[in-house]
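Below is one structure, written out as structure tokens, with a few remarks after it.
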2 protein chains.
Amino acid sequence: MMGSLAYVGGMSVESVLEVEGADGTVVGQELERIGYRGPAPCPGAVPHAYVELHIEQGPVLDRAGLSIGVVEGVQGISWTELLLTGQSNHAGTTPMTLRRDPMAVAAAVTVAARDIALELGGSQVATVGSLTLHPNLVNVVPAHVTMTIDLRNTDEEALQFAERDLGKRTVQLAKAEGVEVKSRTLARFEPVEFDSRVVDQIEQLATTRGLSTKRMPSGAGHDAQMLARICPTGMIFVPSVDGISHNPAEHTDEQDLIIGTQLLADTLLALTEVTW
Amino acid sequence: MMGSLAYVGGMSVESVLEVEGADGTVVGQELERIGYRGPAPCPGAVPHAYVELHIEQGPVLDRAGLSIGVVEGVQGISWTELLLTGQSNHAGTTPMTLRRDPMAVAAAVTVAARDIALELGGSQVATVGSLTLHPNLVNVVPAHVTMTIDLRNTDEEALQFAERDLGKRTVQLAKAEGVEVKSRTLARFEPVEFDSRVVDQIEQLATTRGLSTKRMPSGAGHDAQMLARICPTGMIFVPSVDGISHNPAEHTDEQDLIIGTQLLADTLLALTEVTW
């Protein structure tokens, strides 16, 4: 979503071009290389409206046997990286009570993040998707662990509660083990509400076509949440089979792709006739 | 300890030469390359006795301000690798209750292993030293997790209890999350008791020299545990500063190295006069 963020003026083109990928490549150099570094100014022109068609990337529509997700907004996203530093030591000779084991803390934090999501309920989710041990050897208590925690909620207050609660528990767990914690925010976006006029329009046109619909939030981040800063915005979801996404098995039936594209065309056509 | 295991006939020379390292190198080829592939037969000649001098690699002597550890035996070692397979999915769009998250299971198993060690007490230790997520991305529920669990105890029955208990809890935790578990034993050695005549000899000679001693097990594996299969065997420990081992900060004071070497010489000399 870096491109859309720059388009709406949320990040300067200069900063975008300097961004370095995990593999060491630099955005500006790569755009140059493939011939995509263009001269158009940023922030760009303000659109009349913005409508994005996307697969749901989740299981809700598929499980319910529904055709169309009318997206009301995007969940707030909070990405935190923890660097837990303990004392590397021999796994056989160091008594449990004399350890400062960062993996013990990482495991307890992972369990706590899950507990918090289940206790809060609603749309709250918590994921530990990345975790790396050093030196990562079977017979060595790790020296340090780097891990990420992905928290999301449609409700900003609830998301802040989850962040605070997990932060407190992390500090307590680390202190009990004599492990040092460094925490850094990798990304933070507040929940976004789409324009009710666009949302209503999509729902009405879907109903006209006889499609089954469900109003829902997007759990994933999308360009639409950036464009929502500058113009009336909405999104259309089509089902993901078994909710599988970010995975080679990701699939949406051809019929659903056609239905979604037709509804997008209906919506764009209708919006050309609206004056805000 | 592969060399000593082959020396005592616990593993054939052919199998040893075929062993492949984590970096893809092969033992036989590397021995050839550095000119260390010799013609001596294996199993080798049975020694009159075997005494090994080693740093403790743990904090016990250093914390107690003692000079010599008189090693009575080696802890039993149980290394297990778990491959936990769930369903990779989008971290934002997949509700907590519809997940099959192998990292959630890995974290709970890590916590359980630690709980079991603390509940059993005594010499029981449990370590998760290696853990790898795939695809290891902040916003993706992992598809699978590979992790190792290192369990050790001087008591074989207690070690077997720890293995069974952790196995049961792992199956329950994985089942509750809909995650598949594949388990494989990477290494398993029963506890070894050294020859009491050698152990007594070491203790007596240390006392004669006015050295402070403590009888203790070895938490780490050593060649001595292999040689103990074929001849009277013992070990001498000298202190490790702060118990640090498998770490660049590993250190033993020069004076302790000298004391240990002198005691080794005393012991070898005394054993030449013993008839078993």
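Lettering and numbering for the structure tokens are positional, with chains as A, B, ... in the shown order, residues counted from 1 in each chain, and ligands counted from 1 in the shown order.
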
Just the helix (DSSP H, G or I) stuff from segment 124-264 of chain B, please, per backbone DSSP, written as a ChimeraX atom specification. /B:156-177,196-208,223-227,241-243,254-264

Hey, list the chain A side of the contact with chain B: 7 Å cut-off, only C-alpha atoms, answer as a PyMOL selection string. chain A and resi 57-59+88-96+104+107-108+110-111+125+127-133+136-142+148+150+152+218-220+244-247

What does the structure give for the distance between atom CA of Val199 of chain B and atom CA of Phe161 of chain B, in Å to one decimal?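 Going from atom CA of Val199 of chain B over to atom CA of Phe161 of chain B covers 28.5 Å.
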
Have a look at atom CA of Ile258 of chain B and atom CA of Ser212 of chain B and let me know their distance in Å, one decimal.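 For atom CA of Ile258 of chain B relative to atom CA of Ser212 of chain B, the distance reads 14.8 Å.
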
Which residue out of A:Leu271, A:Val198, A:Val70, A:Val27 has the minimum interatomic distance to Leu211 of chain A when only C-alpha atoms are used?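 Smallest separation from Leu211 of chain A among the options: A:Val70.
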
So that I can see what lies close to Thr233 of chain A, please list as an NGL selection string the residues with an atom at most 8 Å from it, counting only C-alpha atoms and leaving out residues fewer than 3 positions away in the same chain. :A and (49-51 or 194-195 or 198 or 224 or 227-228)

Go ahead and compute the interatomic distance for atom CA of Asp253 of chain B and atom CA of Val71 of chain B, in Å to one decimal.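 Computing it gives 19.6 Å between the two atoms.
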
May I have the residues within 10 Å of segment 203-207 of chain A as number ranges by chain, using only C-alpha atoms and disregarding those fewer than 3 positions away in the same chain? A: 67-71, 198-200, 210-215, 236, 259-260, 262-264, 266-267, 270

Strand (DSSP E) residues, from DSSP on the backbone, in segment 77-178 of chain B, as number ranges by chain: B: 77-85, 89-90, 125-127, 131-134, 140-141, 144-153

Just checking: using only C-alpha atoms, which residue out of B:Leu66, B:Val16, B:Ala176, B:Ala6 ends up closest to Gly44 of chain B?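 Going through B:Leu66, B:Val16, B:Ala176, B:Ala6 one by one, the smallest distance to Gly44 of chain B is for B:Ala6.
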
Mind checking which residues fall within 9 Å of Glu18 of chain A, counting only C-alpha atoms, ignoring those fewer than 2 positions away in the same chain, and posting them as a list in words?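 Once the adjacent positions are removed, what remains is Val13, Glu14, Ser15, Val16, Glu20, Val26, Val27, Gly28 and Gln29 of chain A.
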
From the options A:Ala40, A:Ala22, A:Asp242, A:Glu177, which residue's atoms come nearest to Tyr7 of chain A, counting only C-alpha atoms?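 Closest to Tyr7 of chain A of all the choices is A:Ala40.
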